[in-house]
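**Q** Structure file work-v6.csv (CSV, N, CA and C atoms) right here:
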```csv
chain,number,residue,atom,x,y,z
W,26,MET,N,155.0,189.7,64.8
W,26,MET,CA,155.3,191.1,64.5
W,26,MET,C,156.4,191.6,65.5
W,27,PRO,N,157.5,192.2,65.0
W,27,PRO,CA,158.5,192.6,65.9
W,27,PRO,C,158.1,193.8,66.8
W,28,ASP,N,158.7,193.8,68.0
W,28,ASP,CA,158.4,194.9,69.0
W,28,ASP,C,158.9,196.2,68.3
W,29,SER,N,158.2,197.3,68.5
W,29,SER,CA,158.5,198.6,67.9
W,29,SER,C,159.9,199.1,68.3
W,30,SER,N,160.3,198.7,69.5
W,30,SER,CA,161.6,199.2,70.0
W,30,SER,C,162.8,198.6,69.2
W,31,SER,N,162.6,197.5,68.5
W,31,SER,CA,163.6,196.8,67.8
W,31,SER,C,163.7,197.2,66.4
W,32,ILE,N,162.8,198.1,65.9
W,32,ILE,CA,162.8,198.5,64.5
W,32,ILE,C,163.7,199.8,64.4
W,33,SER,N,164.7,199.7,63.6
W,33,SER,CA,165.6,200.8,63.4
W,33,SER,C,164.8,202.0,62.8
W,34,GLY,N,165.1,203.2,63.3
W,34,GLY,CA,164.5,204.3,62.7
W,34,GLY,C,163.2,204.7,63.5
W,35,THR,N,162.8,204.0,64.5
W,35,THR,CA,161.6,204.3,65.2
W,35,THR,C,162.0,204.9,66.6
W,36,ALA,N,161.4,206.1,66.8
W,36,ALA,CA,161.7,206.7,68.1
W,36,ALA,C,160.9,205.9,69.2
W,37,THR,N,161.5,205.9,70.4
W,37,THR,CA,160.9,205.1,71.5
W,37,THR,C,161.3,205.7,72.8
W,38,THR,N,161.0,205.1,73.9
W,38,THR,CA,161.4,205.6,75.2
W,38,THR,C,162.4,204.5,75.8
W,39,LEU,N,163.1,205.0,76.8
W,39,LEU,CA,164.0,204.1,77.5
W,39,LEU,C,163.3,202.9,78.1
W,40,GLY,N,162.1,203.1,78.7
W,40,GLY,CA,161.3,202.1,79.3
W,40,GLY,C,160.9,201.0,78.3
W,41,GLU,N,160.6,201.4,77.0
W,41,GLU,CA,160.3,200.4,76.0
W,41,GLU,C,161.5,199.7,75.5
W,42,LEU,N,162.6,200.3,75.4
W,42,LEU,CA,163.8,199.7,74.8
W,42,LEU,C,164.6,198.8,75.8
W,43,ALA,N,164.6,199.2,77.1
W,43,ALA,CA,165.4,198.5,78.1
W,43,ALA,C,164.7,197.1,78.5
W,44,GLN,N,165.5,196.2,78.7
W,44,GLN,CA,165.0,194.9,79.3
W,44,GLN,C,164.5,195.1,80.7
W,45,LEU,N,165.3,195.8,81.5
W,45,LEU,CA,165.0,196.1,82.9
W,45,LEU,C,165.7,197.4,83.3
W,46,ILE,N,164.9,198.2,84.0
W,46,ILE,CA,165.5,199.4,84.7
W,46,ILE,C,165.2,199.2,86.2
W,47,ARG,N,166.2,199.3,87.0
W,47,ARG,CA,166.0,199.1,88.4
W,47,ARG,C,166.9,200.1,89.2
W,48,THR,N,166.4,200.5,90.4
W,48,THR,CA,167.2,201.3,91.3
W,48,THR,C,167.3,200.6,92.6
W,49,LYS,N,168.3,200.9,93.3
W,49,LYS,CA,168.5,200.3,94.6
W,49,LYS,C,169.5,201.1,95.4
W,50,ASN,N,169.5,200.9,96.7
W,50,ASN,CA,170.5,201.5,97.6
W,50,ASN,C,171.9,201.0,97.3
W,51,ALA,N,172.9,201.9,97.4
W,51,ALA,CA,174.3,201.5,97.3
W,51,ALA,C,174.9,202.0,98.7
W,52,GLY,N,174.3,201.4,99.7
W,52,GLY,CA,174.6,201.9,101.0
W,52,GLY,C,173.6,202.9,101.5
W,53,PRO,N,173.6,203.5,102.6
W,53,PRO,CA,172.6,204.4,103.1
W,53,PRO,C,172.7,205.8,102.5
W,54,PHE,N,173.8,206.1,101.8
W,54,PHE,CA,174.0,207.4,101.3
W,54,PHE,C,174.0,207.6,99.8
W,55,TRP,N,174.0,206.4,99.1
W,55,TRP,CA,174.0,206.4,97.6
W,55,TRP,C,172.9,205.6,97.0
W,56,LEU,N,172.5,206.0,95.8
W,56,LEU,CA,171.5,205.3,95.0
W,56,LEU,C,172.2,204.8,93.7
W,57,THR,N,171.8,203.6,93.3
W,57,THR,CA,172.4,203.1,92.0
W,57,THR,C,171.2,202.7,91.1
W,58,ILE,N,171.5,203.1,89.8
W,58,ILE,CA,170.5,202.8,88.7
W,58,ILE,C,171.2,201.8,87.8
W,59,ASP,N,170.5,200.7,87.4
W,59,ASP,CA,171.0,199.7,86.5
W,59,ASP,C,170.0,199.7,85.3
W,60,VAL,N,170.5,199.8,84.1
W,60,VAL,CA,169.7,199.7,82.9
W,60,VAL,C,170.2,198.6,82.1
W,61,PHE,N,169.5,197.5,82.0
W,61,PHE,CA,169.9,196.3,81.2
W,61,PHE,C,169.2,196.3,79.8
W,62,PHE,N,169.9,195.9,78.8
W,62,PHE,CA,169.4,195.9,77.5
W,62,PHE,C,169.4,194.4,76.9
W,63,HIS,N,168.4,194.2,76.1
W,63,HIS,CA,168.3,192.8,75.5
W,63,HIS,C,169.5,192.4,74.7
W,64,ASP,N,170.1,193.4,74.0
W,64,ASP,CA,171.2,193.0,73.1
W,64,ASP,C,172.1,194.2,72.9
W,65,HIS,N,173.2,194.0,72.2
W,65,HIS,CA,174.2,195.1,72.0
W,65,HIS,C,173.6,196.2,71.2
W,66,ALA,N,172.8,195.9,70.2
W,66,ALA,CA,172.2,196.9,69.4
W,66,ALA,C,171.4,197.9,70.2
W,67,ASP,N,170.6,197.5,71.1
W,67,ASP,CA,169.8,198.4,72.0
W,67,ASP,C,170.7,199.1,72.9
W,68,TYR,N,171.7,198.5,73.5
W,68,TYR,CA,172.6,199.1,74.4
W,68,TYR,C,173.3,200.3,73.6
W,69,SER,N,173.8,200.0,72.4
W,69,SER,CA,174.5,201.0,71.6
W,69,SER,C,173.7,202.1,71.2
W,70,ARG,N,172.4,201.8,70.9
W,70,ARG,CA,171.5,202.9,70.5
W,70,ARG,C,171.4,203.9,71.6
W,71,VAL,N,171.2,203.5,72.9
W,71,VAL,CA,171.1,204.4,74.0
W,71,VAL,C,172.5,205.1,74.3
W,72,ALA,N,173.5,204.3,74.4
W,72,ALA,CA,174.8,204.8,74.7
W,72,ALA,C,175.3,205.8,73.7
W,73,ASP,N,175.2,205.5,72.4
W,73,ASP,CA,175.7,206.3,71.3
W,73,ASP,C,174.9,207.6,71.2
W,74,ALA,N,173.6,207.6,71.6
W,74,ALA,CA,172.8,208.8,71.5
W,74,ALA,C,172.9,209.7,72.8
W,75,GLY,N,173.7,209.2,73.8
W,75,GLY,CA,173.9,210.0,75.0
W,75,GLY,C,172.6,210.2,75.8
W,76,VAL,N,171.7,209.2,75.8
W,76,VAL,CA,170.5,209.2,76.5
W,76,VAL,C,170.8,209.2,78.0
W,77,LEU,N,171.7,208.4,78.5
W,77,LEU,CA,172.1,208.4,79.9
W,77,LEU,C,173.5,208.9,80.0
W,78,THR,N,173.7,210.1,80.4
W,78,THR,CA,174.9,210.7,80.7
W,78,THR,C,174.9,211.3,82.1
W,79,ALA,N,176.0,211.6,82.7
W,79,ALA,CA,176.0,212.2,84.0
W,79,ALA,C,175.2,213.5,84.1
W,80,PRO,N,175.3,214.4,83.2
W,80,PRO,CA,174.5,215.6,83.2
W,80,PRO,C,173.0,215.3,83.1
W,81,ARG,N,172.6,214.3,82.3
W,81,ARG,CA,171.2,213.9,82.1
W,81,ARG,C,170.7,213.3,83.4
W,82,ILE,N,171.4,212.4,84.0
W,82,ILE,CA,171.0,211.8,85.3
W,82,ILE,C,170.9,212.9,86.3
W,83,ALA,N,171.8,213.8,86.4
W,83,ALA,CA,171.8,214.9,87.3
W,83,ALA,C,170.5,215.8,87.1
W,84,GLU,N,170.2,216.0,85.9
W,84,GLU,CA,169.0,216.8,85.6
W,84,GLU,C,167.7,216.1,86.1
W,85,VAL,N,167.6,214.8,85.7
W,85,VAL,CA,166.4,214.0,86.1
W,85,VAL,C,166.2,213.9,87.6
W,86,TYR,N,167.3,213.7,88.3
W,86,TYR,CA,167.3,213.4,89.7
W,86,TYR,C,167.6,214.7,90.6
W,87,ARG,N,167.9,215.8,89.9
W,87,ARG,CA,168.2,217.1,90.6
W,87,ARG,C,169.3,216.9,91.6
W,88,VAL,N,170.4,216.4,91.1
W,88,VAL,CA,171.6,216.3,91.8
W,88,VAL,C,172.8,217.0,91.1
W,89,ASP,N,173.9,217.2,91.7
W,89,ASP,CA,175.0,217.8,91.1
W,89,ASP,C,175.7,216.8,90.1
W,90,ALA,N,175.8,217.2,88.9
W,90,ALA,CA,176.4,216.3,87.9
W,90,ALA,C,177.8,215.8,88.3
W,91,ASN,N,178.5,216.6,89.0
W,91,ASN,CA,179.9,216.2,89.5
W,91,ASN,C,179.8,215.0,90.4
W,92,THR,N,178.7,214.7,91.0
W,92,THR,CA,178.6,213.6,92.0
W,92,THR,C,178.1,212.3,91.3
W,93,VAL,N,177.6,212.4,90.0
W,93,VAL,CA,177.1,211.2,89.3
W,93,VAL,C,178.3,210.4,88.8
W,94,ARG,N,178.3,209.1,89.1
W,94,ARG,CA,179.3,208.2,88.6
W,94,ARG,C,178.6,207.3,87.5
W,95,LEU,N,179.0,207.4,86.3
W,95,LEU,CA,178.4,206.6,85.2
W,95,LEU,C,179.3,205.5,84.7
W,96,PHE,N,178.8,204.4,84.5
W,96,PHE,CA,179.5,203.2,84.1
W,96,PHE,C,178.8,202.6,82.9
W,97,GLN,N,179.5,202.6,81.8
W,97,GLN,CA,179.0,201.9,80.6
W,97,GLN,C,179.7,200.6,80.5
W,98,LEU,N,178.9,199.5,80.4
W,98,LEU,CA,179.4,198.1,80.4
W,98,LEU,C,179.0,197.4,79.2
W,99,PRO,N,179.6,197.7,78.0
W,99,PRO,CA,179.1,197.1,76.7
W,99,PRO,C,179.2,195.6,76.7
W,100,ALA,N,180.1,195.0,77.4
W,100,ALA,CA,180.3,193.5,77.4
W,100,ALA,C,179.1,192.8,77.9
W,101,ILE,N,178.3,193.5,78.8
W,101,ILE,CA,177.1,192.9,79.4
W,101,ILE,C,175.8,193.7,79.1
W,102,ASN,N,176.0,194.7,78.2
W,102,ASN,CA,174.8,195.5,77.7
W,102,ASN,C,174.1,196.2,78.9
W,103,VAL,N,174.9,196.9,79.7
W,103,VAL,CA,174.4,197.5,80.9
W,103,VAL,C,174.9,198.9,81.0
W,104,ILE,N,174.1,199.9,81.4
W,104,ILE,CA,174.6,201.2,81.8
W,104,ILE,C,174.2,201.4,83.3
W,105,LYS,N,175.1,201.8,84.1
W,105,LYS,CA,174.9,201.9,85.5
W,105,LYS,C,175.3,203.3,85.9
W,106,ALA,N,174.5,203.9,86.9
W,106,ALA,CA,174.9,205.2,87.4
W,106,ALA,C,174.7,205.1,88.9
W,107,SER,N,175.5,205.9,89.6
W,107,SER,CA,175.4,206.0,91.1
W,107,SER,C,175.5,207.5,91.4
W,108,PHE,N,174.8,207.9,92.5
W,108,PHE,CA,174.9,209.2,92.9
W,108,PHE,C,174.4,209.3,94.4
W,109,PRO,N,174.7,210.4,95.1
W,109,PRO,CA,174.2,210.5,96.5
W,109,PRO,C,172.7,210.5,96.6
W,110,ARG,N,172.2,209.8,97.5
W,110,ARG,CA,170.7,209.9,97.8
W,110,ARG,C,170.4,211.3,98.3
W,111,PRO,N,169.2,211.8,98.0
W,111,PRO,CA,168.8,213.1,98.4
W,111,PRO,C,168.6,213.2,99.9
W,112,VAL,N,168.2,212.1,100.5
W,112,VAL,CA,168.1,212.0,102.0
W,112,VAL,C,168.7,210.6,102.4
W,113,THR,N,169.2,210.5,103.6
W,113,THR,CA,169.8,209.3,104.1
W,113,THR,C,168.7,208.2,104.2
W,114,GLN,N,169.1,207.0,103.8
W,114,GLN,CA,168.2,205.8,103.9
W,114,GLN,C,167.7,205.7,105.3
W,115,GLY,N,166.4,205.5,105.4
W,115,GLY,CA,165.8,205.3,106.7
W,115,GLY,C,165.5,206.6,107.6
W,116,SER,N,165.9,207.7,107.0
W,116,SER,CA,165.7,209.0,107.8
W,116,SER,C,164.2,209.3,107.8
W,117,PHE,N,163.8,210.2,108.6
W,117,PHE,CA,162.4,210.6,108.8
W,117,PHE,C,161.8,211.0,107.4
W,118,THR,N,162.6,211.7,106.6
W,118,THR,CA,162.0,212.2,105.3
W,118,THR,C,162.2,211.2,104.1
W,119,ASP,N,162.8,210.0,104.4
W,119,ASP,CA,163.0,209.0,103.3
W,119,ASP,C,161.6,208.4,103.0
W,120,ARG,N,161.2,208.6,101.7
W,120,ARG,CA,159.9,208.1,101.3
W,120,ARG,C,160.1,206.7,100.5
W,121,ASP,N,161.3,206.3,100.3
W,121,ASP,CA,161.5,205.0,99.6
W,121,ASP,C,162.8,204.4,100.2
W,122,ILE,N,162.6,203.7,101.3
W,122,ILE,CA,163.7,203.2,102.1
W,122,ILE,C,164.7,202.3,101.3
W,123,HIS,N,164.1,201.5,100.3
W,123,HIS,CA,164.9,200.6,99.5
W,123,HIS,C,165.4,201.2,98.2
W,124,ALA,N,164.9,202.4,97.9
W,124,ALA,CA,165.2,203.1,96.6
W,124,ALA,C,164.7,202.3,95.4
W,125,GLY,N,163.7,201.4,95.6
W,125,GLY,CA,163.2,200.6,94.6
W,125,GLY,C,162.3,201.2,93.6
W,126,GLN,N,161.8,202.4,93.9
W,126,GLN,CA,160.9,203.1,93.0
W,126,GLN,C,161.5,204.3,92.3
W,127,GLN,N,162.8,204.5,92.4
W,127,GLN,CA,163.5,205.7,91.9
W,127,GLN,C,163.7,205.6,90.4
W,128,HIS,N,163.5,204.4,89.8
W,128,HIS,CA,163.7,204.2,88.3
W,128,HIS,C,162.6,204.9,87.5
W,129,VAL,N,161.5,205.2,88.1
W,129,VAL,CA,160.3,205.7,87.3
W,129,VAL,C,160.6,206.9,86.4
W,130,PRO,N,161.3,207.9,86.8
W,130,PRO,CA,161.6,209.1,85.9
W,130,PRO,C,162.3,208.7,84.6
W,131,LEU,N,163.0,207.6,84.7
W,131,LEU,CA,163.8,207.1,83.5
W,131,LEU,C,163.0,206.5,82.4
W,132,ILE,N,161.8,205.9,82.8
W,132,ILE,CA,161.0,205.2,81.9
W,132,ILE,C,160.6,206.0,80.6
W,133,THR,N,160.3,207.2,80.8
W,133,THR,CA,159.8,208.0,79.7
W,133,THR,C,160.9,208.8,79.0
W,134,LEU,N,162.1,208.6,79.3
W,134,LEU,CA,163.2,209.4,78.6
W,134,LEU,C,163.2,209.0,77.1
W,135,PRO,N,163.1,209.9,76.2
W,135,PRO,CA,163.1,209.6,74.8
W,135,PRO,C,164.4,209.0,74.3
W,136,VAL,N,164.4,208.0,73.5
W,136,VAL,CA,165.6,207.5,72.8
W,136,VAL,C,165.4,207.8,71.3
W,137,PRO,N,166.3,208.6,70.8
W,137,PRO,CA,166.2,209.0,69.4
W,137,PRO,C,166.2,207.9,68.4
W,138,ALA,N,165.6,208.0,67.3
W,138,ALA,CA,165.5,207.0,66.3
W,138,ALA,C,166.9,206.9,65.7
W,139,THR,N,167.3,205.7,65.2
W,139,THR,CA,168.6,205.5,64.5
W,139,THR,C,168.4,205.7,63.1
W,140,HIS,N,169.4,206.0,62.4
W,140,HIS,CA,169.4,206.3,60.9
W,140,HIS,C,170.1,205.3,60.2
```
What would you get if you wrote out this structure as structure tokens?
**A**
Amino acid sequence: MPDSSSISGTATTLGELAQLIRTKNAGPFWLTIDVFFHDHADYSRVADAGVLTAPRIAEVYRVDANTVRLFQLPAINVIKASFPRPVTQGSFTDRDIHAGQQHVPLITLPVPATH
């Protein structure tokens, strides 16, 4: 039986559709998000629907949209975003020194059904 995320016309979440969502430091002052997709159809479904845009990333992570750098890489089915960390890596108030848990808010983002 096919996975529900691969059935056209079925609403799903980014966490269900993506092969891998990860976050990591891009130096002590920036955070990077990588969203990998199984194939070009899943990549296109998310990219074409505008699920991951600079304003959407800014809203989810409560940062200025002008600071979000978004990279759509269709040749490798990846969407990448980078933005300033809310606190410097390793500072007293840093609760995730490697930024490895910052992907969690993206998992439940809705991905519209295709028509």
**Q** Can you list, as a PyMOL selection string, every protein, DNA or RNA residue that comes within 8 Å of Gln44 of chain W when you count only N, CA and C atoms, leaving out same-chain residues fewer than 5 positions away?
**A** chain W and resi 39+60-64
**Q** What is the atom CA of Thr48 of chain W-atom CA of Ile132 of chain W distance in Å, reported with one decimal?
**A**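 These two atoms are separated by 11.9 Å.
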**Q** Closest to Ser69 of chain W among W:Gly40, W:Pro53, W:Pro111, W:Pro137, using only C-alpha atoms?
**A**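 Using only C-alpha atoms, the shortest distance to Ser69 of chain W belongs to W:Pro137.
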**Q** List every residue of segment 32-130 of chain W that DSSP, applied to the backbone of this structure, places in alpha helix (DSSP H), and write the result as a list in words.
**A** Leu39, Gly40, Glu41, Leu42, His65, Ala66, Asp67, Tyr68, Ser69, Arg70, Val71, Ala72, Asp73, Ala74, Ala79, Pro80, Arg81, Ile82, Ala83, Glu84, Val85, Tyr86, Val129 and Pro130 of chain W
**Q** Hey, can you check how far atom N of Asn91 of chain W sits from atom C of Thr38 of chain W?
**A**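 A separation of 24.1 Å between them.
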**Q** Between W:Gly115, W:Glu41, W:Phe96, W:Glu84, single out the one closest to Thr133 of chain W, counting all atoms listed in the file.
**A** W:Glu41
**Q** Would you mind telling me which residue in W:Pro109, W:Leu56, W:His128, W:His123 lies nearest to Asp89 of chain W when using all atoms listed in the file?
**A**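 Result for the nearest residue to Asp89 of chain W: W:Pro109.
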**Q** Between W:His65, W:Ala90, W:Arg47, W:Thr57, which has the minimum distance to Ser107 of chain W (counting only N, CA and C atoms)?
**A**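 Ranked by minimum distance to Ser107 of chain W, first place goes to W:Thr57.
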**Q** Measure the distance from atom C of Ala74 of chain W to atom CA of Ala106 of chain W in Å and round it to one decimal.
**A** 15.4 Å
**Q** So, with only N, CA and C atoms as the atoms that count, which of W:Val129, W:Pro135, W:Pro99, W:Ile122 lies closest to Asn50 of chain W?
**A** W:Ile122
**Q** Using only C-alpha atoms, which of the listed residues (W:Val112, W:Lys49, W:Gly75, W:Asp59) sits closest to Val88 of chain W?
**A** W:Val112
**Q** From a DSSP calculation on the backbone, collect every residue of chain W in strand (DSSP E or B) and output the set as a PyMOL selection string.
**A** chain W and resi 37-38+43-50+55-62+94-98+103-109+135-136
